[in-house]
Every structure is written in structure tokens, then in C-alpha cells.
file input-v4.txt (compact mmCIF, C-alpha atoms)
# COMPACT_ATOMS: atom_id res chain seq x y z
CA MET A 1 8.11 3.80 -29.15
CA LYS A 2 9.44 0.40 -28.10
CA ILE A 3 10.47 -1.16 -24.79
CA THR A 4 14.16 -2.03 -24.97
CA GLU A 5 15.13 -3.13 -21.45
CA ILE A 6 13.66 -3.87 -18.03
CA GLU A 7 15.86 -3.41 -14.98
CA CYS A 8 15.05 -4.78 -11.52
CA HIS A 9 16.71 -3.26 -8.46
CA VAL A 10 16.41 -5.30 -5.25
CA LEU A 11 16.97 -3.06 -2.22
CA LEU A 12 17.48 -3.70 1.49
CA ASP A 13 17.76 -1.36 4.47
CA PRO A 14 21.00 -2.01 6.42
CA ASN A 15 18.96 -1.84 9.64
CA CYS A 16 16.62 -4.63 8.52
CA ASP A 17 15.10 -6.59 11.43
CA VAL A 18 13.47 -9.87 10.42
CA GLY A 19 11.42 -9.76 13.63
CA ALA A 20 9.75 -6.49 12.67
CA THR A 21 6.24 -6.27 11.24
CA SER A 22 7.12 -3.85 8.46
CA SER A 23 7.75 -4.32 4.75
CA SER A 24 9.38 -0.89 4.42
CA GLN A 25 12.76 -2.55 5.05
CA ASP A 26 13.12 -3.85 1.50
CA ASP A 27 11.94 -2.90 -1.97
CA ILE A 28 12.05 -3.68 -5.65
CA ILE A 29 12.31 -0.82 -8.12
CA VAL A 30 11.71 -1.58 -11.78
CA GLU A 31 12.86 0.65 -14.61
CA ILE A 32 11.42 0.19 -18.08
CA HIS A 33 13.63 1.74 -20.77
CA THR A 34 12.54 2.74 -24.26
CA ASP A 35 14.20 3.45 -27.60
CA GLU A 36 13.22 7.12 -27.27
CA GLY A 37 15.15 7.62 -24.04
CA ILE A 38 12.11 7.73 -21.75
CA THR A 39 12.31 5.54 -18.63
CA GLY A 40 9.43 4.66 -16.35
CA ILE A 41 9.78 3.65 -12.70
CA GLY A 42 7.58 1.45 -10.54
CA GLU A 43 7.65 -0.45 -7.26
CA THR A 44 5.56 -3.03 -5.47
CA ASP A 45 5.20 -4.29 -1.92
CA VAL A 46 6.24 -7.93 -2.07
CA ASN A 47 9.42 -9.88 -1.35
CA PRO A 48 11.74 -8.21 -3.89
CA TRP A 49 13.72 -11.36 -4.70
CA ILE A 50 10.49 -13.19 -5.53
CA ALA A 51 9.23 -10.28 -7.63
CA ARG A 52 12.49 -10.11 -9.57
CA SER A 53 12.24 -13.81 -10.34
CA CYS A 54 8.66 -13.40 -11.55
CA ILE A 55 9.76 -10.64 -13.91
CA GLN A 56 12.96 -12.19 -15.22
CA ALA A 57 11.88 -15.84 -15.44
CA HIS A 58 11.88 -17.36 -18.91
CA GLY A 59 8.75 -18.93 -20.30
CA THR A 60 8.73 -22.31 -21.99
CA HIS A 61 5.20 -22.45 -23.38
CA THR A 62 2.32 -20.15 -24.28
CA MET A 63 0.50 -20.44 -20.95
CA GLY A 64 3.44 -19.56 -18.69
CA LEU A 65 5.47 -16.82 -20.34
CA GLY A 66 7.96 -14.57 -18.56
CA LEU A 67 6.77 -11.04 -17.74
CA ALA A 68 9.81 -9.22 -19.11
CA GLU A 69 9.83 -11.36 -22.25
CA MET A 70 6.26 -10.31 -23.01
CA LEU A 71 7.07 -6.61 -22.71
CA LEU A 72 10.29 -6.34 -24.70
CA GLY A 73 9.66 -4.78 -28.10
CA GLN A 74 6.14 -3.63 -27.19
CA ASP A 75 4.80 -0.07 -27.33
CA PRO A 76 4.62 1.19 -23.70
CA LEU A 77 1.99 3.83 -24.46
CA TYR A 78 -0.80 1.24 -24.13
CA PRO A 79 -0.48 -0.03 -20.53
CA GLU A 80 -4.04 -1.36 -20.33
CA MET A 81 -3.48 -3.53 -23.40
CA LEU A 82 -0.13 -4.71 -22.04
CA TRP A 83 -1.73 -5.58 -18.70
CA GLU A 84 -4.04 -8.02 -20.49
CA ARG A 85 -1.08 -9.42 -22.42
CA LEU A 86 0.80 -10.08 -19.18
CA TYR A 87 -2.22 -11.49 -17.34
CA VAL A 88 -3.17 -13.91 -20.10
CA GLY A 89 0.39 -14.92 -20.95
CA SER A 90 1.33 -15.72 -17.33
CA ALA A 91 -2.02 -17.25 -16.37
CA MET A 92 -0.80 -20.73 -15.49
CA ASN A 93 1.74 -19.37 -12.99
CA GLY A 94 0.03 -16.13 -12.10
CA ARG A 95 -3.57 -14.85 -11.87
CA ARG A 96 -3.00 -14.07 -8.16
CA GLY A 97 -0.17 -13.59 -5.70
CA ALA A 98 3.43 -12.70 -6.46
CA VAL A 99 3.15 -12.68 -10.25
CA ILE A 100 0.34 -10.10 -10.12
CA HIS A 101 2.24 -8.09 -7.51
CA ALA A 102 5.26 -8.03 -9.81
CA MET A 103 3.02 -7.02 -12.71
CA GLY A 104 1.93 -4.08 -10.58
CA ALA A 105 5.42 -2.57 -10.57
CA LEU A 106 5.63 -2.98 -14.34
CA ASP A 107 2.20 -1.45 -14.93
CA ILE A 108 3.07 1.58 -12.77
CA ALA A 109 6.27 2.08 -14.78
CA LEU A 110 4.32 1.87 -18.04
CA HIS A 111 1.89 4.55 -16.87
CA ASP A 112 4.88 6.66 -15.82
CA ILE A 113 6.29 6.35 -19.35
CA ARG A 114 2.97 7.30 -20.94
CA GLY A 115 2.67 10.39 -18.75
CA LYS A 116 6.24 11.48 -19.49
CA ALA A 117 5.82 10.87 -23.22
CA LEU A 118 2.62 12.91 -23.37
CA GLY A 119 3.80 15.56 -20.91
CA ARG A 120 0.92 14.98 -18.49
CA PRO A 121 0.58 13.69 -14.89
CA CYS A 122 -0.64 10.12 -14.61
CA TYR A 123 -3.98 11.08 -13.05
CA GLU A 124 -4.93 13.12 -16.13
CA LEU A 125 -4.58 9.96 -18.22
CA LEU A 126 -6.45 7.82 -15.67
CA GLY A 127 -9.68 9.77 -16.04
CA GLY A 128 -8.81 13.21 -14.73
CA ALA A 129 -8.84 14.78 -11.28
CA VAL A 130 -12.10 14.95 -9.34
CA LYS A 131 -10.58 16.92 -6.44
CA GLU A 132 -8.09 19.72 -5.97
CA THR A 133 -5.99 18.19 -3.18
CA ILE A 134 -5.32 14.81 -1.55
CA THR A 135 -5.90 14.31 2.18
CA PRO A 136 -3.24 12.17 3.87
CA TYR A 137 -3.48 10.30 7.14
CA ALA A 138 -0.40 9.60 9.25
CA SER A 139 0.43 5.91 9.57
CA LEU A 140 2.08 5.46 12.97
CA GLN A 141 4.30 2.50 13.84
CA PRO A 142 7.06 3.18 16.37
CA GLU A 143 9.92 0.68 16.14
CA VAL A 144 10.25 -0.43 19.76
CA SER A 145 11.07 -3.68 21.54
CA SER A 146 8.30 -3.97 24.14
CA PHE A 147 4.62 -3.21 24.46
CA ALA A 148 5.32 -0.90 27.38
CA ALA A 149 7.61 1.17 25.17
CA TYR A 150 5.04 1.13 22.37
CA ARG A 151 2.29 2.25 24.73
CA LYS A 152 4.43 5.13 25.94
CA SER A 153 5.57 6.26 22.51
CA ILE A 154 2.41 5.88 20.40
CA VAL A 155 0.62 8.74 22.15
CA GLY A 156 3.61 10.98 21.50
CA TRP A 157 3.70 9.92 17.86
CA ALA A 158 -0.02 10.68 17.49
CA LEU A 159 0.38 14.13 19.04
CA ARG A 160 3.39 14.74 16.79
CA ALA A 161 1.29 13.88 13.74
CA LYS A 162 -1.38 16.34 14.85
CA SER A 163 1.21 19.06 15.40
CA LEU A 164 2.51 18.50 11.84
CA GLY A 165 -0.93 19.33 10.47
CA PHE A 166 -2.48 15.90 10.02
CA ARG A 167 -6.23 15.70 10.56
CA ALA A 168 -6.27 11.92 10.62
CA ALA A 169 -3.97 9.13 11.78
CA LYS A 170 -3.84 5.36 12.01
CA ILE A 171 -2.11 3.51 14.80
CA GLU A 172 -0.47 0.20 13.89
CA LEU A 173 -1.49 -1.91 16.87
CA THR A 174 -0.04 -5.41 16.55
CA PRO A 175 0.65 -6.89 19.98
CA CYS A 176 -0.95 -10.24 19.27
CA GLY A 177 -1.72 -12.60 16.43
CA PRO A 178 0.54 -14.34 13.89
CA TYR A 179 2.32 -11.16 12.75
CA ALA A 180 2.97 -9.53 16.11
CA HIS A 181 6.17 -7.52 16.24
CA LYS A 182 8.93 -9.34 18.08
CA GLY A 183 8.62 -8.59 21.81
CA LEU A 184 5.36 -6.65 21.53
CA THR A 185 2.87 -8.92 23.27
CA ALA A 186 -0.21 -7.66 25.07
CA SER A 187 -3.76 -8.62 25.95
CA HIS A 188 -6.89 -7.49 24.17
CA LYS A 189 -7.68 -5.37 27.23
CA GLU A 190 -4.36 -3.57 26.90
CA MET A 191 -5.05 -2.95 23.20
CA THR A 192 -8.31 -1.30 24.17
CA GLU A 193 -6.57 0.85 26.76
CA VAL A 194 -4.01 2.08 24.22
CA ILE A 195 -6.69 3.14 21.75
CA GLY A 196 -8.48 4.97 24.54
CA GLU A 197 -5.29 6.82 25.51
CA VAL A 198 -4.64 7.90 21.93
CA ARG A 199 -8.23 9.03 21.46
CA GLU A 200 -8.14 11.05 24.67
CA ALA A 201 -4.87 12.71 23.67
CA LEU A 202 -6.06 13.63 20.17
CA GLY A 203 -9.54 14.79 21.09
CA PRO A 204 -12.93 13.80 19.69
CA GLU A 205 -12.70 15.64 16.34
CA PHE A 206 -9.46 14.05 15.11
CA ILE A 207 -10.06 11.14 12.71
CA LEU A 208 -8.61 7.93 14.14
CA MET A 209 -8.10 4.53 12.51
CA VAL A 210 -6.63 1.29 13.91
CA ASP A 211 -4.71 -1.41 12.04
CA VAL A 212 -4.45 -4.67 14.02
CA GLN A 213 -2.72 -6.63 11.20
CA TYR A 214 -4.71 -9.87 11.29
CA ALA A 215 -4.58 -10.08 15.09
CA PHE A 216 -7.67 -12.22 15.62
CA PRO A 217 -8.00 -15.88 14.55
CA ASP A 218 -11.76 -15.74 14.06
CA ALA A 219 -14.83 -13.49 14.24
CA ASP A 220 -15.84 -14.61 17.75
CA THR A 221 -12.47 -13.60 19.20
CA CYS A 222 -12.53 -10.31 17.35
CA LEU A 223 -16.05 -9.42 18.42
CA ARG A 224 -15.18 -10.02 22.07
CA ALA A 225 -11.98 -7.97 21.80
CA ILE A 226 -13.44 -4.91 20.06
CA ARG A 227 -16.79 -4.61 21.79
CA GLU A 228 -15.64 -1.49 23.67
CA TRP A 229 -13.94 0.11 20.67
CA VAL A 230 -17.21 1.57 19.47
CA ASN A 231 -16.73 4.23 22.15
CA PHE A 232 -13.62 5.56 20.36
CA ASN A 233 -15.37 6.77 17.18
CA LEU A 234 -12.99 4.91 14.85
CA PHE A 235 -13.04 5.60 11.12
CA PHE A 236 -12.20 1.93 10.56
CA ILE A 237 -10.53 -1.19 11.95
CA GLU A 238 -8.07 -2.59 9.41
CA THR A 239 -7.51 -6.29 8.66
CA PRO A 240 -8.77 -7.84 11.90
CA LEU A 241 -9.08 -11.36 10.40
CA PRO A 242 -7.14 -13.56 7.97
CA SER A 243 -7.64 -12.43 4.38
CA ASP A 244 -9.53 -15.56 3.32
CA ASP A 245 -12.04 -15.57 6.18
CA LEU A 246 -14.77 -13.91 4.14
CA ASP A 247 -17.59 -15.32 6.27
CA GLY A 248 -15.85 -13.94 9.35
CA TYR A 249 -15.62 -10.51 7.79
CA ALA A 250 -19.31 -10.66 6.95
CA ARG A 251 -20.09 -11.41 10.60
CA LEU A 252 -18.07 -8.41 11.76
CA ALA A 253 -20.00 -6.21 9.35
CA ALA A 254 -23.31 -7.55 10.61
CA GLU A 255 -22.67 -7.78 14.35
CA GLN A 256 -20.84 -4.55 15.24
CA PRO A 257 -20.97 -0.96 13.92
CA ILE A 258 -17.32 0.02 13.28
CA PRO A 259 -16.45 0.00 9.56
CA ILE A 260 -14.06 -2.80 8.60
CA ALA A 261 -11.22 -2.14 6.13
CA ALA A 262 -9.30 -4.80 4.23
CA GLY A 263 -7.70 -5.72 0.93
CA GLU A 264 -4.03 -4.74 1.21
CA TRP A 265 -2.75 -8.21 0.21
CA LEU A 266 -5.23 -8.94 -2.57
CA ALA A 267 -4.47 -9.27 -6.27
CA THR A 268 -6.93 -8.31 -9.04
CA ARG A 269 -10.53 -7.19 -9.02
CA PHE A 270 -11.68 -10.79 -8.80
CA GLU A 271 -10.43 -11.20 -5.22
CA PHE A 272 -11.81 -7.79 -4.33
CA SER A 273 -15.23 -8.72 -5.68
CA ASP A 274 -15.35 -11.60 -3.20
CA LEU A 275 -14.18 -9.38 -0.34
CA MET A 276 -16.81 -6.75 -1.11
CA ASP A 277 -19.74 -9.03 -1.88
CA ARG A 278 -19.18 -11.90 0.51
CA GLY A 279 -16.97 -10.22 3.11
CA ARG A 280 -19.19 -7.11 3.25
CA ILE A 281 -16.33 -4.75 4.12
CA LYS A 282 -17.01 -1.00 4.14
CA VAL A 283 -13.53 0.32 3.33
CA VAL A 284 -11.68 -1.09 0.32
CA GLN A 285 -7.86 -0.98 0.50
CA PRO A 286 -6.15 -1.82 -2.78
CA ASP A 287 -2.37 -1.56 -2.68
CA VAL A 288 -1.74 -0.30 -6.21
CA GLY A 289 1.40 -2.37 -6.76
CA ARG A 290 0.05 -5.57 -5.25
CA VAL A 291 -3.33 -5.42 -6.96
CA GLY A 292 -1.67 -5.26 -10.38
CA GLY A 293 -0.86 -1.60 -10.91
CA PHE A 294 -2.90 1.44 -11.93
CA THR A 295 -4.78 -0.53 -14.57
CA GLU A 296 -6.29 -3.01 -12.12
CA ALA A 297 -6.55 -0.57 -9.20
CA LYS A 298 -8.85 1.64 -11.29
CA ARG A 299 -11.07 -1.37 -11.96
CA VAL A 300 -11.22 -2.14 -8.23
CA CYS A 301 -12.14 1.47 -7.46
CA HIS A 302 -14.87 1.38 -10.08
CA LEU A 303 -16.36 -1.75 -8.51
CA ALA A 304 -16.21 -0.21 -5.04
CA GLU A 305 -17.86 3.00 -6.18
CA GLN A 306 -20.66 1.03 -7.82
CA LYS A 307 -21.30 -0.54 -4.40
CA GLU A 308 -21.04 2.87 -2.64
CA LEU A 309 -18.02 1.79 -0.60
CA THR A 310 -15.15 3.94 0.66
CA ILE A 311 -11.69 3.53 -0.89
CA VAL A 312 -8.51 4.15 1.11
CA PRO A 313 -5.44 2.78 -0.74
CA HIS A 314 -2.85 0.88 1.24
CA LEU A 315 0.83 1.76 0.82
CA TRP A 316 3.90 1.02 2.88
CA LYS A 317 6.86 1.61 0.59
CA SER A 318 8.72 4.69 -0.64
CA GLY A 319 7.74 8.05 -2.06
CA ILE A 320 7.04 6.26 -5.34
CA SER A 321 4.05 4.48 -3.77
CA ILE A 322 2.93 7.72 -2.12
CA ALA A 323 2.85 9.37 -5.55
CA VAL A 324 1.07 6.36 -7.04
CA ALA A 325 -1.64 6.49 -4.36
CA ALA A 326 -2.02 10.25 -4.84
CA HIS A 327 -2.62 9.84 -8.58
CA LEU A 328 -5.20 7.13 -7.91
CA ALA A 329 -6.94 9.20 -5.23
CA ALA A 330 -7.05 12.26 -7.49
CA THR A 331 -9.28 10.34 -9.90
CA THR A 332 -11.46 8.66 -7.26
CA ALA A 333 -14.27 10.66 -5.65
CA SER A 334 -14.94 8.09 -2.92
CA CYS A 335 -11.31 8.10 -1.72
CA PRO A 336 -11.12 10.45 1.29
CA PHE A 337 -7.55 9.62 2.41
CA ILE A 338 -4.25 8.09 1.40
CA GLU A 339 -1.71 6.58 3.75
CA PHE A 340 1.30 8.84 4.33
CA LEU A 341 4.39 8.92 6.48
CA PRO A 342 6.49 12.10 6.56
CA ASP A 343 10.21 11.94 7.23
CA GLU A 344 9.63 13.16 10.79
CA LEU A 345 7.72 9.96 11.61
CA CYS A 346 9.68 7.51 9.46
CA GLU A 347 12.27 5.16 10.95
CA SER A 348 13.24 3.37 7.72
CA SER A 349 16.21 5.00 6.02
CA LEU A 350 15.29 3.27 2.76
CA ARG A 351 11.86 4.81 2.85
CA ARG A 352 13.20 8.27 3.75
CA GLU A 353 16.02 8.45 1.23
CA LEU A 354 14.99 6.55 -1.90
CA VAL A 355 12.99 9.33 -3.59
CA SER A 356 14.59 12.72 -4.07
CA ASN A 357 11.47 14.85 -4.58
CA GLN A 358 8.58 13.03 -2.96
CA LEU A 359 5.20 14.68 -2.48
CA GLN A 360 4.83 16.97 0.53
CA MET A 361 1.92 17.83 2.79
CA VAL A 362 0.95 21.52 2.92
CA ASN A 363 -1.55 22.65 5.58
CA GLY A 364 -2.83 19.12 6.02
CA GLU A 365 -3.26 18.43 2.30
CA ILE A 366 -1.10 17.15 -0.57
CA PRO A 367 -1.33 19.31 -3.71
CA LEU A 368 -1.95 17.40 -6.92
CA PRO A 369 1.27 16.44 -8.72
CA THR A 370 2.00 18.66 -11.71
CA ARG A 371 5.05 17.01 -13.31
CA PRO A 372 4.58 14.46 -16.13
CA GLY A 373 4.12 10.81 -15.21
CA LEU A 374 4.39 9.95 -11.53
CA GLY A 375 6.23 13.21 -10.91
CA VAL A 376 8.93 11.76 -8.63
CA ASP A 377 12.53 10.70 -9.18
CA VAL A 378 14.76 8.05 -7.65
CA ASN A 379 17.77 9.19 -5.63
CA ARG A 380 20.47 7.34 -7.57
CA GLU A 381 23.02 7.37 -4.76
CA ALA A 382 20.52 5.87 -2.32
CA LEU A 383 19.36 3.32 -4.89
CA ALA A 384 22.93 2.11 -5.45
CA ARG A 385 23.67 1.99 -1.72
CA PHE A 386 20.60 -0.06 -0.79
CA GLU A 387 21.12 -2.32 -3.80
CA ARG A 388 24.70 -3.03 -2.75
CA TYR A 389 23.55 -3.98 0.73
CA ALA A 390 20.93 -6.38 -0.68
CA GLU A 391 23.70 -8.12 -2.61
CA THR A 392 25.59 -8.91 0.61
CA ILE A 393 23.01 -11.30 2.05

call {"tool": "encode", "arguments": {"input": "input-v4.txt", "output": "C-alpha cells"}}
result
Amino acid sequence: MKITEIECHVLLDPNCDVGATSSSQDDIIVEIHTDEGITGIGETDVNPWIARSCIQAHGTHTMGLGLAEMLLGQDPLYPEMLWERLYVGSAMNGRRGAVIHAMGALDIALHDIRGKALGRPCYELLGGAVKETITPYASLQPEVSSFAAYRKSIVGWALRAKSLGFRAAKIELTPCGPYAHKGLTASHKEMTEVIGEVREALGPEFILMVDVQYAFPDADTCLRAIREWVNFNLFFIETPLPSDDLDGYARLAAEQPIPIAAGEWLATRFEFSDLMDRGRIKVVQPDVGRVGGFTEAKRVCHLAEQKELTIVPHLWKSGISIAVAAHLAATTASCPFIEFLPDELCESSLRRELVSNQLQMVNGEIPLPTRPGLGVDVNREALARFERYAETI
């Protein structure tokens, strides 16, 4: 089997708001075609125009080759070998950041092809399932224009998630810091009050997580802000500090008891090694696309398991990424949850409509996929519609 063509689809939601703190408003879908008629799909969570350029750029020397150029004519049934080919061939321009994130979409598509060609779900070819179902948590981010509106709606969203059968949820609490949603400004005291209201509404047994999206500039500020959060029995606090403040993360681990989660923006196991060893986080959050695809995400999970850390993959794209995270979780014993957003709690039309048969939660669990490859398909009408809109800007 040979790779014959690589297509990149840049997508944009017509309701895109550049002031929002959400990357679900755009997407890049890659399709890798083969001479045997099998096509693999993949996506990654990065600026789609940048990712497309990384894939389609031409190389001019052996140390900075183009990603697509290196794949054309190759056998897609060996994604791990092709990952090394891409990593080494793009090393001068890549190794981290956008090039690795773009590689992630390609690697996912290659694994999808291998599963389809062999008639087996991806997780069976990634080491086999170690659990019978996947446990999702609801990721809650109401799209509102003021903190007062957020405070009023987030409790309702949390209760709605519980009524849908979720046993765990994460509130996206971003009223301060460099990535605060436009118009949503609040004090650290008000953040604490919101968490308390959600905890009281959900009850003590419900598993609760909080994502503050890099809200605090340093460890001292964070420690002062979260000192009362220990009373809320949080499963973790996600990304409280800038990604590169490894010493700050280590201080949080040493000076307060709530587990710290991080890693959504990182690329490759090398960055994750630093975050685990120097940053001392307790919950490792590889985004499969951003980290470099299934091939590199499995390596990150292996490192984390060696260190007896918990793995909770990050995802904030379409049903493709949900399926990807489910396949990864199926093979990872130390992965108790994946991030999930059902249509009832999703305000992005792109995210709701792009996949025609995305995985569903049944009685609080997601059954293991049974179809070959990723097991999901792209809604072609939605793909064309969102692609046309992206072309207008």
C-alpha cells in the first residue's frame, strides 16, 4: 500500500468570536489517501492555517523537509516508522510546537488507515484494551459575556451534566489571567465562591475538576488564590501557571495538596519528561494531536505510568478527537477519564456537526469502539460548509 495524496481541510465556525477562550471554533482535518482506496482521517488542535502550512511546505534541504513530501509514496501501515521519518526530516524547523502538532494529525490518520486495512479498532493495534469501557467527564464552558452570567449559568450546566449521567465534570473557570474570556473578569475570591457553589450543587460524591487556563502569573499568586480550594475535594486543578514555569509547578506540588494537571500544549515526550520530573505534576494531560499523534502519546503514557502518575488526555475539538482519546484511554490502565462534551452541552456548531457517528455515553460510560480504525466518519456536508466559511476570511 502506498500514500498517494494528503488533503488538508481548514474549517471555521461561522459564529467564531476572536475574544473567546475556546479553540473549538476552528479545525484542520487531514485525509491521507492510498492506492488501495483506504483513507485515514486525523485532526489536531492548533491554528489550522499554520498546521496546513507545516504540512504542505516544500523542503529545500535534508534537515528541513516538508511533512507531506516525506509521506507521499510511503507505506502507511507503519506509522511508528513514519513518525521517526517525519521527526528527523523536519528537525531544523520542528522538534516542538506547530510542526509536531501538525504531525499529530498525520499520525492519527496513519493509525486510522492501519486499523481500517487490518479490520481492527486502533486500540487493538496500540497494545490492546485494558478496560471494558471509558469514563468521560463533562467539560463545561458556557459561552457568556459577563462573569455574573457565567456564575449563574455554570451551576445549571453542572447539574445538567449530572442529570445526563456524568459522574465527573470540569468547570472552565477563566475570569483572570492572559487568556481570560472577553468580558469575564473576576477576583480570586469570586473564583473561590463559584467553585463552592458548584460543589454544593453537585454534592460531595461527584468528581469535580477545575481548569483555570493559566490564570496565575506565578506560584505565590496561585498559592494565595487557591488556599481555600482544598475544602472542595477537587480531583485536580488544571494549568494554573504558564507552561514553562516548571519551578513554579514544583512549588505548587510541594506546598499544597490538590493534584496539579498540565501538559495540554506540550509536544513530544521530551517536554513531558521535564514537566513530570521537574514540574512534579500529578496528572499528565497529553493532547494526542498536539503531542504528535498516537505514536508519541503512547510514549508519554508509558513514561507517566513508570512514574505512577495519572493520565487524563486533553481534547477540545470534534468527535474525531473524542474517538482518538477513547482509543488511547482503552490501552492505558492509569487513565481514569477522558474529556467529553455531549451535544446537549456544546455551543460550537462545528464541534456538534462535523462527525456523523461520534461516540456516545451510555449510563455514564463510553463503550469501546468496535469499528475498524478510529471508528468515526466525517459529515461531508458539514465539512464542506465549514471549509467554505474559512475561505471567506

call {"tool": "residues_around", "arguments": {"input": "input-v4.txt", "residues": "Leu77 of chain A", "least_positions_apart": "2", "cutoff": "7 Å", "atoms": "all atoms listed in the file", "output": "PyMOL selection string"}}
result
chain A and resi 75+79+114

call {"tool": "write_last_selection", "arguments": {"input": "input-v4.txt", "atoms": "C-alpha atoms", "output": "PDB file, keeping the file's coordinate frame"}}
result
ATOM      1  CA  ASP A  75       4.800  -0.070 -27.330  1.00  0.00           C
ATOM      2  CA  PRO A  79      -0.480  -0.030 -20.530  1.00  0.00           C
ATOM      3  CA  ARG A 114       2.970   7.300 -20.940  1.00  0.00           C
TER       4      ARG A 114
END

call {"tool": "residues_around", "arguments": {"input": "input-v4.txt", "residues": "segment 230-235 of chain A", "least_positions_apart": "6", "cutoff": "10 Å", "atoms": "only C-alpha atoms", "output": "compact mmCIF listing (two decimals) with C-alpha atoms, keeping the file's coordinate frame"}}
result
# COMPACT_ATOMS: atom_id res chain seq x y z
CA ALA A 168 -6.27 11.92 10.62
CA ALA A 169 -3.97 9.13 11.78
CA LYS A 170 -3.84 5.36 12.01
CA THR A 192 -8.31 -1.30 24.17
CA ILE A 195 -6.69 3.14 21.75
CA GLY A 196 -8.48 4.97 24.54
CA GLU A 197 -5.29 6.82 25.51
CA VAL A 198 -4.64 7.90 21.93
CA ARG A 199 -8.23 9.03 21.46
CA GLU A 200 -8.14 11.05 24.67
CA PRO A 204 -12.93 13.80 19.69
CA GLU A 205 -12.70 15.64 16.34
CA PHE A 206 -9.46 14.05 15.11
CA ILE A 207 -10.06 11.14 12.71
CA LEU A 208 -8.61 7.93 14.14
CA MET A 209 -8.10 4.53 12.51
CA VAL A 210 -6.63 1.29 13.91
CA GLN A 256 -20.84 -4.55 15.24
CA PRO A 257 -20.97 -0.96 13.92
CA ILE A 258 -17.32 0.02 13.28
CA PRO A 259 -16.45 0.00 9.56
CA ILE A 260 -14.06 -2.80 8.60
CA ALA A 261 -11.22 -2.14 6.13
CA VAL A 283 -13.53 0.32 3.33

call {"tool": "closest_atom_pairs", "arguments": {"input": "input-v4.txt", "of": "segment 309-342 of chain A", "to": "segment 5-26 of chain A", "cutoff": "12 Å", "atoms": "only C-alpha atoms", "output": "CSV"}}
result
residue,atom,partner,partner_atom,distance
A:Leu315,CA,A:Ser24,CA,9.6
A:Trp316,CA,A:Ser24,CA,6.0
A:Lys317,CA,A:Ser24,CA,5.2
A:Ser318,CA,A:Ser24,CA,7.6
A:Gly319,CA,A:Ser24,CA,11.2
A:Ser321,CA,A:Ser24,CA,11.1
A:Leu341,CA,A:Ser24,CA,11.2

call {"tool": "atom_distance", "arguments": {"input": "input-v4.txt", "atom1": "atom CA of His181 of chain A", "atom2": "atom CA of Phe147 of chain A"}}
result
9.4 Å

call {"tool": "closest_residue", "arguments": {"input": "input-v4.txt", "among": "A:Phe386, A:Leu303, A:Thr4, A:Leu118", "to": "Ala68 of chain A", "atoms": "all atoms listed in the file"}}
result
A:Thr4

call {"tool": "atom_distance", "arguments": {"input": "input-v4.txt", "atom1": "atom CA of Thr239 of chain A", "atom2": "atom CA of Glu308 of chain A"}}
result
19.9 Å

call {"tool": "atom_distance", "arguments": {"input": "input-v4.txt", "atom1": "atom CA of Gly42 of chain A", "atom2": "atom CA of Asp287 of chain A"}}
result
13.0 Å

call {"tool": "residues_around", "arguments": {"input": "input-v4.txt", "residues": "Ala304 of chain A", "least_positions_apart": "6", "cutoff": "12 Å", "atoms": "only C-alpha atoms", "output": "count of residues only"}}
result
25

call {"tool": "closest_residue", "arguments": {"input": "input-v4.txt", "among": "A:His314, A:Arg290, A:Ala382, A:Ala390", "to": "Arg96 of chain A", "atoms": "only C-alpha atoms"}}
result
A:Arg290

call {"tool": "residues_around", "arguments": {"input": "input-v4.txt", "residues": "Ile113 of chain A", "least_positions_apart": "2", "cutoff": "10 Å", "atoms": "all atoms listed in the file", "output": "JSON, numbers by chain"}}
result
{"A": [31, 32, 33, 34, 38, 39, 40, 41, 76, 77, 78, 79, 107, 108, 109, 110, 111, 115, 116, 117, 118, 119, 122, 372, 373, 374]}

call {"tool": "closest_residue", "arguments": {"input": "input-v4.txt", "among": "A:Pro121, A:Pro242, A:Pro178, A:Gly59", "to": "Gly375 of chain A", "atoms": "only C-alpha atoms"}}
result
A:Pro121

call {"tool": "residues_around", "arguments": {"input": "input-v4.txt", "residues": "Ser90 of chain A", "least_positions_apart": "2", "cutoff": "8 Å", "atoms": "all atoms listed in the file", "output": "PyMOL selection string"}}
result
chain A and resi 63-67+86-88+92-95+99

call {"tool": "closest_residue", "arguments": {"input": "input-v4.txt", "among": "A:His58, A:His101, A:Lys2, A:Arg299", "to": "Ile28 of chain A", "atoms": "all atoms listed in the file"}}
result
A:His101

call {"tool": "closest_residue", "arguments": {"input": "input-v4.txt", "among": "A:Arg385, A:His188, A:His327, A:Arg52", "to": "Thr133 of chain A", "atoms": "all atoms listed in the file"}}
result
A:His327

call {"tool": "closest_residue", "arguments": {"input": "input-v4.txt", "among": "A:Leu241, A:Glu353, A:Met70, A:Tyr137", "to": "Arg167 of chain A", "atoms": "all atoms listed in the file"}}
result
A:Tyr137
